[in-house]
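Please read the structure below before turning to the comments.
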Amino acid sequence: MIKNFKWLLLVSLTFVACNNDDEVIVEEPVSAGTANFAKYVALGDSFAAGYSDGALFIEGQKGAYPNVLSQQFSEAGGGVFSTPLMADNVGGLLLGGNVIAAQRLYFNGAAPVAVSGTPSTAVTTKLTGPFSNLGVPGAKSYHLVAAGYGNAAGVAAGLANPYYARFASSATSTVLADAVAQTPTFFSLWIGGNDVLGFATSGGIGVNQTGNMNPATYGSNDITDPTVFASVYNSLVTGLTTNSAKGVVANLPYVSTLPYFTTVPINPLSTSVLGGGNVAVGQATVEALNTQLYGPLKQALTAFGAGSRINLLSTTVANPVLIKDESLPNLSAQLTAAFTPAFTATMGATLGAQTAAFYGAVYGQARQAKSTDLVLLPTQSAIGATPTAANSGIGMAPPAPLNKFGITYPLQDTHVLIPAEIDAIKVATDAYNASIKSIADSKGLAFVDAKAIMDKLSTTGIVGNNFTMTSTYVFGGSFSLDGVHPSPRGYALIANAFIDAINTKYSSTLKKVDLGKYRILFPASL
């Protein structure tokens, strides 16, 4: 009797303790709601694949947002989720014994550098599927419905994708067909980023194919026609929902929210930089540049009503880089004519017609960068470097002292996105997003506003698990070292956004993951 009394007293005290708490947390059981996660397939590009730090590798693939989702789905009836894993954690690819994709990057404390080792993943080593994760790095929307996109024989000629060639069910299959053949009960689709990204990361050297309805004629750096995108996207969703499968889709961010386009400032040319760390040398350099180049250029351009293109360099504030803007009226002929006599007096030497023509060709569309431009991440190493015949834009290596990119020689189209190019990307992205939302609504699918998430990361940041994630390069926690693809924690953040959308749409109660359990950067050794 005394023993029973002790147990009753313990139960009573426990009940009182619970009632004295401010809040009693009752964990909600995990449920699929109206969704069915028994067979989940994921379609998309490098984001779905888990691409990170400029490469695809095993640990990155394991942390891809579809893999994170599948782990949460498993608690609500989700089945086995398979991924076509790479052969190593070095990254990169081999074709015929030759390296066709470089190994991954890691941060050595000062800068991103490549890990040691040689890739061991061969394109022609066929994996046996089917695979649940059908994310294909480099894929554009129309590639997911293109027969032969996984034909290894077409990789060398650029007719097929080396990543998809490893696991395509056949040389003539499509990504969509490989997905539908598995009779999915649930799918995720995030595609379209590459339909503008190649154009953006190339500095806009591709073609805006708006109005061209034939993707077979597109180049790798071209912008996909929005009507083509809408048609393909509708085909993808229609195919995936054939057997009443439910799913979740996501829209696309603006490239201007990615650190690849926001890390390098337009005005890095301080006197310290120009003087190699010596401010006094930098000040003397500024004075010489103003006398010998920037002053004469501004004077000549002013005479043609374009004086705002160039301003004298300052010794007190950092100066913008010099760029070529192909959207400007080309004043090459006018400058050539003006420089022949003008430069004689200014520079103390007779330049002659040939040299004057050189100045005209180089500076005919030159201007200093503005806040409306986006300097690409790789351009950081180009500023101050010597142009070559291959990248100067004039077919020859310029002579000293006109041989410093961004300082005495304009950065070229591949280095910078100018407003006209940025606007073309934005217009296409807006059109794609309108199609994604419309088709998602018509099919009753869950929708992730990835654009809003990226916008927030690039402005106020996102607070999660007592820390703030931003889009700041290297240290913001959201992006990997390539400046485009997420970090492990970034992929987890995306997975949580997908879970929120799924729970809202299908009344499921999936658990979100703890972002603090995911690393920011991968180390050199894995």
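Chain labels A, B, ... are given in the sequence in which chains occur in the structure tokens; within each chain residues are numbered consecutively from 1, and ligands are likewise numbered from 1 in the order shown.
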List as a tab-separated table every residue of region 244-346 of chain A that is in contact with region 355-365 of chain A, defined as an atom at most 12 Å from one of its atoms (using only C-alpha atoms), together with the nearest atom pair and the distance in Å rounded to one decimal, sorted by chain and then rising number.
```
residue	atom	partner	partner_atom	distance
A:Leu293	CA	A:Tyr359	CA	10.1
A:Tyr294	CA	A:Tyr363	CA	10.7
A:Pro296	CA	A:Tyr359	CA	11.1
A:Leu297	CA	A:Tyr363	CA	8.2
A:Lys298	CA	A:Tyr363	CA	10.8
A:Ala300	CA	A:Gly360	CA	10.7
A:Leu301	CA	A:Gly364	CA	9.2
A:Phe304	CA	A:Gly364	CA	11.3
A:Ala306	CA	A:Gln365	CA	10.2
A:Arg309	CA	A:Gln365	CA	8.9
A:Ile310	CA	A:Tyr363	CA	10.3
A:Leu322	CA	A:Tyr363	CA	9.7
A:Ile323	CA	A:Gln365	CA	8.4
A:Lys324	CA	A:Gln365	CA	5.5
A:Asp325	CA	A:Gln365	CA	5.5
A:Glu326	CA	A:Gln365	CA	6.2
A:Ser327	CA	A:Gln365	CA	8.0
A:Leu328	CA	A:Gln365	CA	5.8
A:Pro329	CA	A:Gln365	CA	6.8
A:Asn330	CA	A:Gly364	CA	5.1
A:Leu331	CA	A:Gly364	CA	4.5
A:Ser332	CA	A:Gly364	CA	4.0
A:Ala333	CA	A:Gly360	CA	6.3
A:Gln334	CA	A:Gly360	CA	7.4
A:Leu335	CA	A:Gly360	CA	4.9
A:Thr336	CA	A:Gly360	CA	4.6
A:Ala337	CA	A:Ala356	CA	7.4
A:Ala338	CA	A:Ala356	CA	8.3
A:Phe339	CA	A:Ala356	CA	5.5
A:Thr340	CA	A:Ala356	CA	5.4
A:Pro341	CA	A:Ala356	CA	9.1
A:Ala342	CA	A:Ala356	CA	9.7
A:Phe343	CA	A:Ala356	CA	8.3
A:Thr344	CA	A:Ala356	CA	10.1
```
Practice problem: Name the residues in contact with region 426-433 of chain A at a cut-off of 7 Å, using only C-alpha atoms, excluding same-chain residues fewer than 2 positions from it; report them as a PyMOL selection string. | Solution: chain A and resi 226+229-230+251-252+254+422-424+435-437
Exercise. Name the residues in contact with region 169-173 of chain A at a cut-off of 7 Å, using only C-alpha atoms, excluding same-chain residues fewer than 4 positions from it; report them as an NGL selection string.
Key: :A and (129 or 147-148 or 150-151 or 177-178)
Taking only residues of region 436-488 of chain A that have an atom at most 12 Å from an atom of region 378-391 of chain A, what is each one's shortest atom pair and its distance in Å to one decimal, using only C-alpha atoms, in chain and number order, as a Markdown table?
```
| residue | atom | partner | partner_atom | distance |
| --- | --- | --- | --- | --- |
| A:Leu481 | CA | A:Pro378 | CA | 11.5 |
| A:Asp482 | CA | A:Pro378 | CA | 9.6 |
| A:Gly483 | CA | A:Pro378 | CA | 9.9 |
```
Practice problem: Check region 186-428 of chain A with DSSP on the backbone and list each residue it calls strand (DSSP E or B), as a list in words. | Solution: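 Written out, the strand (DSSP E or B) residues of region 186-428 of chain A are Phe186, Phe187, Ser188, Leu189, Trp190, Asn208, Ile223, Lys246, Gly247, Val248, Val249, Ala250, Val264, Leu269, Asn319, Leu322, Ile323, Lys324, Ala366, Arg367, Gln368, Leu374, Val375, Phe405, Tyr409, Leu411, Val416 and Leu417 of chain A.
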Using only C-alpha atoms, what table do you get, as JSON lines, when you list each residue of region 384-429 of chain A with an atom no more than 9 Å from region 258-269 of chain A, its nearest pair of atoms, and their distance in Å rounded to one decimal, rows by chain then rising number?
```
{"residue": "A:Gly406", "atom": "CA", "partner": "A:Leu269", "partner_atom": "CA", "distance": 8.9}
{"residue": "A:Ile407", "atom": "CA", "partner": "A:Leu269", "partner_atom": "CA", "distance": 7.9}
{"residue": "A:Val416", "atom": "CA", "partner": "A:Phe261", "partner_atom": "CA", "distance": 8.8}
{"residue": "A:Leu417", "atom": "CA", "partner": "A:Phe261", "partner_atom": "CA", "distance": 8.5}
```
Quiz item: Near Tyr142 (chain A), counting only C-alpha atoms, which residues have an atom at most 8 Å away, once you skip same-chain residues fewer than 5 positions from it, shown as a list in words?
Solution: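 Neighbouring residues, sequence-local ones excluded: Pro215, Val228, Phe229 and Val232 of chain A.
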Restricted to all heavy atoms, what would the selected residues look like written as a PDB file, in the first residue's frame?
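Output file result33.pdb follows:
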```pdb
ATOM      1  N   PRO A 215      14.608  25.709 -79.797  1.00  0.00           N
ATOM      2  CA  PRO A 215      15.745  25.546 -78.884  1.00  0.00           C
ATOM      3  C   PRO A 215      16.938  24.835 -79.510  1.00  0.00           C
ATOM      4  O   PRO A 215      18.057  24.982 -79.030  1.00  0.00           O
ATOM      5  CB  PRO A 215      15.157  24.709 -77.738  1.00  0.00           C
ATOM      6  CG  PRO A 215      13.688  24.908 -77.820  1.00  0.00           C
ATOM      7  CD  PRO A 215      13.383  25.086 -79.264  1.00  0.00           C
ATOM      8  N   VAL A 228       8.824  29.289 -75.144  1.00  0.00           N
ATOM      9  CA  VAL A 228       9.393  27.941 -75.148  1.00  0.00           C
ATOM     10  C   VAL A 228       9.429  27.399 -73.729  1.00  0.00           C
ATOM     11  O   VAL A 228       9.045  26.249 -73.471  1.00  0.00           O
ATOM     12  CB  VAL A 228      10.814  27.947 -75.749  1.00  0.00           C
ATOM     13  CG1 VAL A 228      11.515  26.607 -75.497  1.00  0.00           C
ATOM     14  CG2 VAL A 228      10.763  28.235 -77.237  1.00  0.00           C
ATOM     15  N   PHE A 229       9.871  28.229 -72.794  1.00  0.00           N
ATOM     16  CA  PHE A 229       9.936  27.801 -71.397  1.00  0.00           C
ATOM     17  C   PHE A 229       8.555  27.389 -70.896  1.00  0.00           C
ATOM     18  O   PHE A 229       8.400  26.337 -70.269  1.00  0.00           O
ATOM     19  CB  PHE A 229      10.491  28.926 -70.521  1.00  0.00           C
ATOM     20  CG  PHE A 229      10.523  28.570 -69.058  1.00  0.00           C
ATOM     21  CD1 PHE A 229      11.626  27.932 -68.513  1.00  0.00           C
ATOM     22  CD2 PHE A 229       9.454  28.853 -68.221  1.00  0.00           C
ATOM     23  CE1 PHE A 229      11.657  27.579 -67.169  1.00  0.00           C
ATOM     24  CE2 PHE A 229       9.470  28.509 -66.886  1.00  0.00           C
ATOM     25  CZ  PHE A 229      10.579  27.876 -66.353  1.00  0.00           C
ATOM     26  N   VAL A 232       7.479  24.019 -72.390  1.00  0.00           N
ATOM     27  CA  VAL A 232       8.232  22.904 -71.817  1.00  0.00           C
ATOM     28  C   VAL A 232       7.800  22.657 -70.381  1.00  0.00           C
ATOM     29  O   VAL A 232       7.604  21.504 -69.969  1.00  0.00           O
ATOM     30  CB  VAL A 232       9.746  23.193 -71.884  1.00  0.00           C
ATOM     31  CG1 VAL A 232      10.517  22.187 -71.033  1.00  0.00           C
ATOM     32  CG2 VAL A 232      10.234  23.164 -73.316  1.00  0.00           C
TER      33      VAL A 232
END
```
